[in-house]
There are 2 protein chains.
Amino acid sequence: MKKMINAVESLLEESLNGFAKAHEEIITFNHQPHFVSRKQQKKSNKVVLISGGGSGHEPLHTGLVGYGMLDAACPGQIFTSPTPDQMLAAAQAVENGAGVLFIVKNYAGDVMNFEIAGEMIDCPHETVLVSDDVSLPKDHSTGRRGVAGTVIVEKIVGAAAEAGASLAECKTLGDRINENTASMGVALSSCTVPALGKPTFDIGDNEIEMGVGIHGERGREPMDLVSASEMVEHLTIIIDQELKPQPGQKVLLHVNGFGATPLMELYLVYDLAAKFWQEKGVEISRSLVGNFTTSLDMAGCSVTLTLLDDEMITLWDAPVHTAAMRWGC
Amino acid sequence: MKKMINAVESLLEESLNGFAKAHEEIITFNHQPHFVSRKQQKKSNKVVLISGGGSGHEPLHTGLVGYGMLDAACPGQIFTSPTPDQMLAAAQAVENGAGVLFIVKNYAGDVMNFEIAGEMIDCPHETVLVSDDVSLPKDHSTGRRGVAGTVIVEKIVGAAAEAGASLAECKTLGDRINENTASMGVALSSCTVPALGKPTFDIGDNEIEMGVGIHGERGREPMDLVSASEMVEHLTIIIDQELKPQPGQKVLLHVNGFGATPLMELYLVYDLAAKFWQEKGVEISRSLVGNFTTSLDMAGCSVTLTLLDDEMITLWDAPVHTAAMRWGC
């Protein structure tokens with residue numbers, strides 16, 4: 001295993017130290033227990049957004065803490081859920097009178113630990129469960145996984161909270177974005193979890209993993225290595241069948257790199273995915289291309305589509321100031 | 001070779017098509033010859049900044065075109081200089097009365113082609129040659145290479161041009177930033193150029209390349225794989241010996257990923273590099289961490305230090321609106 005680390009045990013702490021130093025104008029890093037919270041002043045009686053999950057998906061979620069987005073993020077160890085004491089401490093640190101909205105990717109550990117935290121806190125709270133990965137069927141036993149669509153939920157609901165939306169309004173909006181968002185990924189390589197020291201799955205030189213998750217979970221089907229056009233067709237058809245965008249429908253198209261994919265390839269994928277929907281008369285109103293929900297050093301990408309309405313567009317465009325997304329500030 | 005592409009020949013064009021679609025509010029993509037130019041209106045009599053170089057380093061330079069930074073960028077084929085007709089066409093498209101500043105990384109092909117373009121254009125022009133890579137000695141036969149410091153030159157001089165600086169002032173400022181900037185990189189893997197189809201250099205499972213360039217050029221010394229602390233010590237000592245920052249000196253610290261390095265590792269490297277200079281009393285006033293000057297899918301990173309003065313800090317903080325760097329807009 002080749003990584004720029006000192007020790008598996010200290011990687012997360014050292015990395016968060018660097019993150020906190022590099023972005024000290026935006027966030028504060030609490031060491032015991034681990035959470036990152038927004039430094040910029042906020043209005044009183046603002047709903048606070050707290051997310052979290054296993055580390056290794058950076059910039060999700062720590063890089064999305066700041067004005068107009070998350071109020072706090074709780075990083076677990078790599079690909080491991082954070083614990084309820086982190087969420088509780090984060091909630092106590094940032095809550096300011098209007099309640100807490102947890103944004104949780106649908107994985108058993110995350111769901112359980114955020115539930116326990118919810119039972120422990122003594123202020124109003126709601127949870128938006130993100131489950132945008134359409135590589136699994138809708139009736140899958142544990143539900144669909146939360147992947148790159150999480151960033152879109154966090155941005156839009158973050159803007160609503162900043163604008164004064166109530167806890168109930170934030171919850172309803174978050175659920176609505178999730179229902180209108182679908183993602184699907186393809187991996188060209190596995191990732192290597194430092195504690196394991198070797199690739200999570202084997203993949204042949206001429207194979208790709210279609211429908212891969214963001215933890216190095218194998219996909220829904222290994223496939224022969226095909227052209228980018230064929231890969232993107234696979235991804236977009238499944239997303240399209242799920243969301244069924246009609247001609248004239250405004251959408252946000254997000255191409256997310258898994259960590260080791262050159263930007264040139266992500267833009268090429270964007271071009272192909274955009275063409276697919278433009279040919280159907282769908283209107284691509286907003287775009288996001290880059291590494292946002294990564295899987296350590298996995299090569300590959302996911303495509304995410306969100307059906308937009310005017311309110312969502314206004315909130316997407318609203319100012320945001322985090323380490324990884326910033327505009328209007 | 002595993003890549004999300006359709007064909008080696010069409011990769012650049014398809015990728016630029018996607019880039020242009022995703023950022024149509026910022027840039028225009030000219031197909032024949034290839035250049036990307038700023039769409040946002042600019043004042044008349046503004047010095048225009050034009051850069052360019054081989055592709056494969058994205059977001060450099062196309063992702064840095066926009067308000068407060070470059071007016072145009074000329075992408076060559078992967079790791080291949082653009083041609084003078086590209087620079088000439090770009091200059092003719094964006095020049096508006098105050099002259100052209102070329103920002104050129106010091107590679108023989110780039111230098112030659114920008115020189116030819118300079119001879120062909122009929123308006124005042126100057127060139128800032130970026131040569132921040134201190135892995136080579138200062139008296140190296142072809143001079144030092146231009147690497148990640150280029151982003152810093154483009155940001156600060158871009159802000160000066162936006163504020164109305166003259167061509168001579170932009171040239172002087174650019175040279176001053178270059179003289180006060182030093183970079184050094186380390187690779188954990190090679191990159192794979194699509195046209196070649198295999199890694200550019202061989203590297204053992206327990207080896208790293210210290211002083212590597214951004215084109216998969218081998219470094220100044222292969223070394224055994226060591227801890228992140230030891231890697232960063234190597235990088236920072238050489239940079240420190242070059243720039244000799246004194247206690248109280250304000251600096252910008254930039255940790256740049258080469259394309260396949262998890263953000264967690266980049267922040268860990270940032271933490272170690274920041275500590276190194278903070279312990280010497282150097283004041284880290286500004287930071288930049290992420291993938292800005294990449295080398296396709298190479299794993300590893302570079303550390304860049306720029307000695308700042310108050311003018312440079314003000315210009316660094318000035319609004320910018322490009323695909324890859326955006327604040328204040």
# chains A, B, ... in the order shown; residues from 1 in each chain; ligands from 1
call {"tool": "residues_around", "arguments": {"residues": "Leu173 (chain A)", "least_positions_apart": "2", "cutoff": "10 Å", "atoms": "only C-alpha atoms", "output": "CSV table (one decimal) with all heavy atoms, in the first residue's frame"}}
result
chain,number,residue,atom,x,y,z
A,128,VAL,N,-33.3,13.7,7.4
A,128,VAL,CA,-33.5,13.4,5.9
A,128,VAL,C,-32.5,12.3,5.6
A,128,VAL,O,-31.3,12.4,5.8
A,128,VAL,CB,-33.2,14.7,5.1
A,128,VAL,CG1,-33.2,14.3,3.6
A,128,VAL,CG2,-34.2,15.8,5.3
A,153,VAL,N,-28.5,17.6,-1.8
A,153,VAL,CA,-29.5,17.8,-0.6
A,153,VAL,C,-28.9,18.9,0.3
A,153,VAL,O,-29.5,19.8,0.8
A,153,VAL,CB,-29.7,16.5,0.1
A,153,VAL,CG1,-30.5,16.7,1.4
A,153,VAL,CG2,-30.4,15.5,-0.8
A,156,ILE,N,-28.9,22.6,-1.1
A,156,ILE,CA,-30.2,23.2,-1.3
A,156,ILE,C,-30.9,23.4,0.0
A,156,ILE,O,-31.4,24.5,0.3
A,156,ILE,CB,-31.1,22.4,-2.3
A,156,ILE,CG1,-30.4,22.5,-3.7
A,156,ILE,CG2,-32.5,23.0,-2.4
A,156,ILE,CD1,-31.2,21.7,-4.8
A,157,VAL,N,-30.9,22.4,0.9
A,157,VAL,CA,-31.5,22.6,2.2
A,157,VAL,C,-30.7,23.6,3.0
A,157,VAL,O,-31.3,24.3,3.8
A,157,VAL,CB,-31.7,21.2,2.9
A,157,VAL,CG1,-32.3,21.4,4.3
A,157,VAL,CG2,-32.5,20.2,2.1
A,160,ALA,N,-31.9,26.9,2.2
A,160,ALA,CA,-33.2,27.1,2.8
A,160,ALA,C,-33.1,27.5,4.3
A,160,ALA,O,-33.8,28.4,4.7
A,160,ALA,CB,-34.1,25.9,2.6
A,165,ALA,N,-36.0,29.0,6.7
A,165,ALA,CA,-37.0,27.9,6.6
A,165,ALA,C,-37.1,27.2,8.0
A,165,ALA,O,-36.1,27.1,8.7
A,165,ALA,CB,-36.6,26.9,5.5
A,167,LEU,N,-37.9,24.0,10.6
A,167,LEU,CA,-37.4,22.6,10.7
A,167,LEU,C,-38.3,21.7,9.8
A,167,LEU,O,-37.8,20.9,9.0
A,167,LEU,CB,-37.4,22.1,12.1
A,167,LEU,CG,-36.9,20.6,12.3
A,167,LEU,CD1,-35.4,20.4,11.8
A,167,LEU,CD2,-36.9,20.3,13.8
A,168,ALA,N,-39.6,21.9,9.9
A,168,ALA,CA,-40.5,21.1,9.1
A,168,ALA,C,-40.3,21.3,7.6
A,168,ALA,O,-40.3,20.4,6.7
A,168,ALA,CB,-42.0,21.3,9.5
A,169,GLU,N,-40.1,22.6,7.2
A,169,GLU,CA,-39.9,23.0,5.8
A,169,GLU,C,-38.6,22.4,5.3
A,169,GLU,O,-38.5,21.9,4.2
A,169,GLU,CB,-39.9,24.5,5.7
A,169,GLU,CG,-41.3,25.1,5.8
A,169,GLU,CD,-41.2,26.6,6.0
A,169,GLU,OE1,-40.2,27.2,6.4
A,169,GLU,OE2,-42.3,27.3,5.8
A,170,CYS,N,-37.5,22.4,6.1
A,170,CYS,CA,-36.2,21.8,5.7
A,170,CYS,C,-36.4,20.3,5.5
A,170,CYS,O,-35.8,19.8,4.5
A,170,CYS,CB,-35.2,22.1,6.8
A,170,CYS,SG,-34.7,23.8,6.8
A,171,LYS,N,-37.1,19.7,6.4
A,171,LYS,CA,-37.3,18.2,6.3
A,171,LYS,C,-38.0,17.9,5.0
A,171,LYS,O,-37.6,17.0,4.2
A,171,LYS,CB,-38.0,17.7,7.6
A,171,LYS,CG,-38.8,16.4,7.4
A,171,LYS,CD,-37.9,15.2,7.4
A,171,LYS,CE,-38.7,13.9,7.4
A,171,LYS,NZ,-37.9,12.8,7.0
A,175,ASP,N,-36.5,15.8,1.8
A,175,ASP,CA,-37.1,14.5,1.3
A,175,ASP,C,-37.5,14.7,-0.2
A,175,ASP,O,-37.3,13.8,-1.0
A,175,ASP,CB,-38.4,14.2,2.1
A,175,ASP,CG,-38.0,13.7,3.5
A,175,ASP,OD1,-36.8,13.3,3.7
A,175,ASP,OD2,-38.9,13.7,4.4
A,176,ARG,N,-37.9,15.9,-0.5
A,176,ARG,CA,-38.3,16.1,-1.9
A,176,ARG,C,-37.1,16.1,-2.9
A,176,ARG,O,-37.2,15.5,-4.0
A,176,ARG,CB,-39.0,17.5,-2.0
A,176,ARG,CG,-39.5,17.9,-3.4
A,176,ARG,CD,-40.7,18.9,-3.3
A,176,ARG,NE,-40.4,20.1,-2.6
A,176,ARG,CZ,-39.9,21.2,-3.2
A,176,ARG,NH1,-39.7,21.3,-4.5
A,176,ARG,NH2,-39.7,22.3,-2.5
A,177,ILE,N,-36.0,16.6,-2.5
A,177,ILE,CA,-34.8,16.6,-3.3
A,177,ILE,C,-34.4,15.1,-3.4
A,177,ILE,O,-34.0,14.7,-4.5
A,177,ILE,CB,-33.7,17.4,-2.7
A,177,ILE,CG1,-34.1,18.9,-2.5
A,177,ILE,CG2,-32.4,17.3,-3.5
A,177,ILE,CD1,-33.2,19.7,-1.6
A,178,ASN,N,-34.4,14.4,-2.3
A,178,ASN,CA,-34.0,13.0,-2.4
A,178,ASN,C,-34.8,12.2,-3.4
A,178,ASN,O,-34.3,11.4,-4.2
A,178,ASN,CB,-34.0,12.4,-1.0
A,178,ASN,CG,-33.5,11.0,-1.0
A,178,ASN,OD1,-32.4,10.7,-1.5
A,178,ASN,ND2,-34.3,10.0,-0.5
A,179,GLU,N,-36.1,12.4,-3.3
A,179,GLU,CA,-37.1,11.7,-4.2
A,179,GLU,C,-36.8,12.1,-5.7
A,179,GLU,O,-37.1,11.3,-6.6
A,179,GLU,CB,-38.5,12.0,-3.9
A,179,GLU,CG,-39.0,11.2,-2.7
A,179,GLU,CD,-40.2,12.0,-2.0
A,179,GLU,OE1,-40.9,12.7,-2.7
A,179,GLU,OE2,-40.4,11.7,-0.8
A,311,GLU,N,-37.9,26.9,-7.0
A,311,GLU,CA,-37.4,27.1,-5.6
A,311,GLU,C,-36.0,26.5,-5.4
A,311,GLU,O,-35.1,27.1,-4.9
A,311,GLU,CB,-38.4,26.5,-4.6
A,311,GLU,CG,-37.9,26.7,-3.1
A,311,GLU,CD,-38.7,25.8,-2.1
A,311,GLU,OE1,-39.5,24.9,-2.6
A,311,GLU,OE2,-38.5,26.0,-0.9
A,312,MET,N,-35.9,25.2,-5.9
A,312,MET,CA,-34.6,24.5,-5.8
A,312,MET,C,-33.5,25.3,-6.6
A,312,MET,O,-32.3,25.3,-6.1
A,312,MET,CB,-34.7,23.1,-6.3
A,312,MET,CG,-35.5,22.2,-5.2
A,312,MET,SD,-36.3,20.7,-5.9
A,312,MET,CE,-34.9,19.8,-6.5
call {"tool": "residues_around", "arguments": {"residues": "Gly52 (chain B)", "least_positions_apart": "4", "cutoff": "8 Å", "atoms": "only C-alpha atoms", "output": "list of chain:residue names"}}
result
B:His61, B:Thr62, B:Ala73, B:Cys74, B:Pro75, B:Gly76, B:Ser81, B:Pro82, B:Ile103, B:Val104
call {"tool": "residues_around", "arguments": {"residues": "region 20-34 of chain A", "least_positions_apart": "2", "cutoff": "7 Å", "atoms": "only C-alpha atoms", "output": "list in words"}}
result
Leu16, Asn17, Gly18, Val36, Ser37, Arg38, Lys39, Gln40, Gly66, Cys74, Pro75, Asp85, Gln86, Thr322 and Ala323 of chain A; Ser287 of chain B
call {"tool": "atom_distance", "arguments": {"atom1": "CA of Leu296 (chain A)", "atom2": "CA of Met184 (chain A)"}}
result
17.6 Å
call {"tool": "interface_residues", "arguments": {"of": "chain B", "to": "chain A", "cutoff": "7 Å", "atoms": "only C-alpha atoms", "output": "ChimeraX atom specification"}}
result
/B:2,4-6,14-15,17-19,22,58,188,227-229,259-265,267-268,270-271,287,296-297,326-329
call {"tool": "write_last_selection", "arguments": {"atoms": "C-alpha atoms", "output": "PDB file, in the first residue's frame"}}
result
ATOM      1  CA  LYS B   2      -8.188   1.856 -18.170  1.00  0.00           C
ATOM      2  CA  MET B   4     -13.155   6.669 -19.387  1.00  0.00           C
ATOM      3  CA  ILE B   5     -12.529   7.729 -22.969  1.00  0.00           C
ATOM      4  CA  ASN B   6     -13.830   6.909 -26.419  1.00  0.00           C
ATOM      5  CA  GLU B  14     -14.803  15.730 -26.153  1.00  0.00           C
ATOM      6  CA  SER B  15     -13.489  16.800 -22.769  1.00  0.00           C
ATOM      7  CA  ASN B  17     -16.929  20.162 -25.127  1.00  0.00           C
ATOM      8  CA  GLY B  18     -18.049  18.973 -21.713  1.00  0.00           C
ATOM      9  CA  PHE B  19     -16.049  21.693 -19.987  1.00  0.00           C
ATOM     10  CA  ALA B  22     -20.667  22.785 -17.798  1.00  0.00           C
ATOM     11  CA  GLU B  58      -6.586  20.267 -15.433  1.00  0.00           C
ATOM     12  CA  LEU B 188       3.857   7.618  -5.516  1.00  0.00           C
ATOM     13  CA  SER B 227       6.337   8.139   6.093  1.00  0.00           C
ATOM     14  CA  ALA B 228       4.457  11.284   5.124  1.00  0.00           C
ATOM     15  CA  SER B 229       6.499  13.207   7.681  1.00  0.00           C
ATOM     16  CA  GLY B 259      -4.720  13.806  -9.667  1.00  0.00           C
ATOM     17  CA  ALA B 260      -5.090  10.487  -7.895  1.00  0.00           C
ATOM     18  CA  THR B 261      -4.369  11.448  -4.304  1.00  0.00           C
ATOM     19  CA  PRO B 262      -7.173  11.407  -1.723  1.00  0.00           C
ATOM     20  CA  LEU B 263      -7.933  14.803  -0.218  1.00  0.00           C
ATOM     21  CA  MET B 264      -7.326  13.266   3.235  1.00  0.00           C
ATOM     22  CA  GLU B 265      -3.680  12.794   2.333  1.00  0.00           C
ATOM     23  CA  TYR B 267      -4.609  17.822   4.123  1.00  0.00           C
ATOM     24  CA  LEU B 268      -2.260  15.628   6.137  1.00  0.00           C
ATOM     25  CA  TYR B 270      -0.630  20.451   4.505  1.00  0.00           C
ATOM     26  CA  ASP B 271      -0.596  19.928   8.264  1.00  0.00           C
ATOM     27  CA  SER B 287      -3.636  28.462   1.935  1.00  0.00           C
ATOM     28  CA  LEU B 296      -3.452  12.985 -15.204  1.00  0.00           C
ATOM     29  CA  ASP B 297      -3.770  10.061 -12.780  1.00  0.00           C
ATOM     30  CA  ARG B 326     -14.121  31.161  -7.167  1.00  0.00           C
ATOM     31  CA  TRP B 327     -14.626  33.584  -4.355  1.00  0.00           C
ATOM     32  CA  GLY B 328     -16.136  37.005  -3.798  1.00  0.00           C
ATOM     33  CA  CYS B 329     -18.367  36.493  -6.856  1.00  0.00           C
TER      34      CYS B 329
END
call {"tool": "atom_distance", "arguments": {"atom1": "CA of Met223 (chain A)", "atom2": "CA of Lys198 (chain A)"}}
result
22.0 Å
call {"tool": "residues_around", "arguments": {"residues": "Thr181 (chain A)", "least_positions_apart": "6", "cutoff": "12 Å", "atoms": "only C-alpha atoms", "output": "VMD selection string"}}
result
chain A and resid 130 to 134 146 to 153 174 to 175 239 to 240 242 to 245 251 to 254 303 to 308
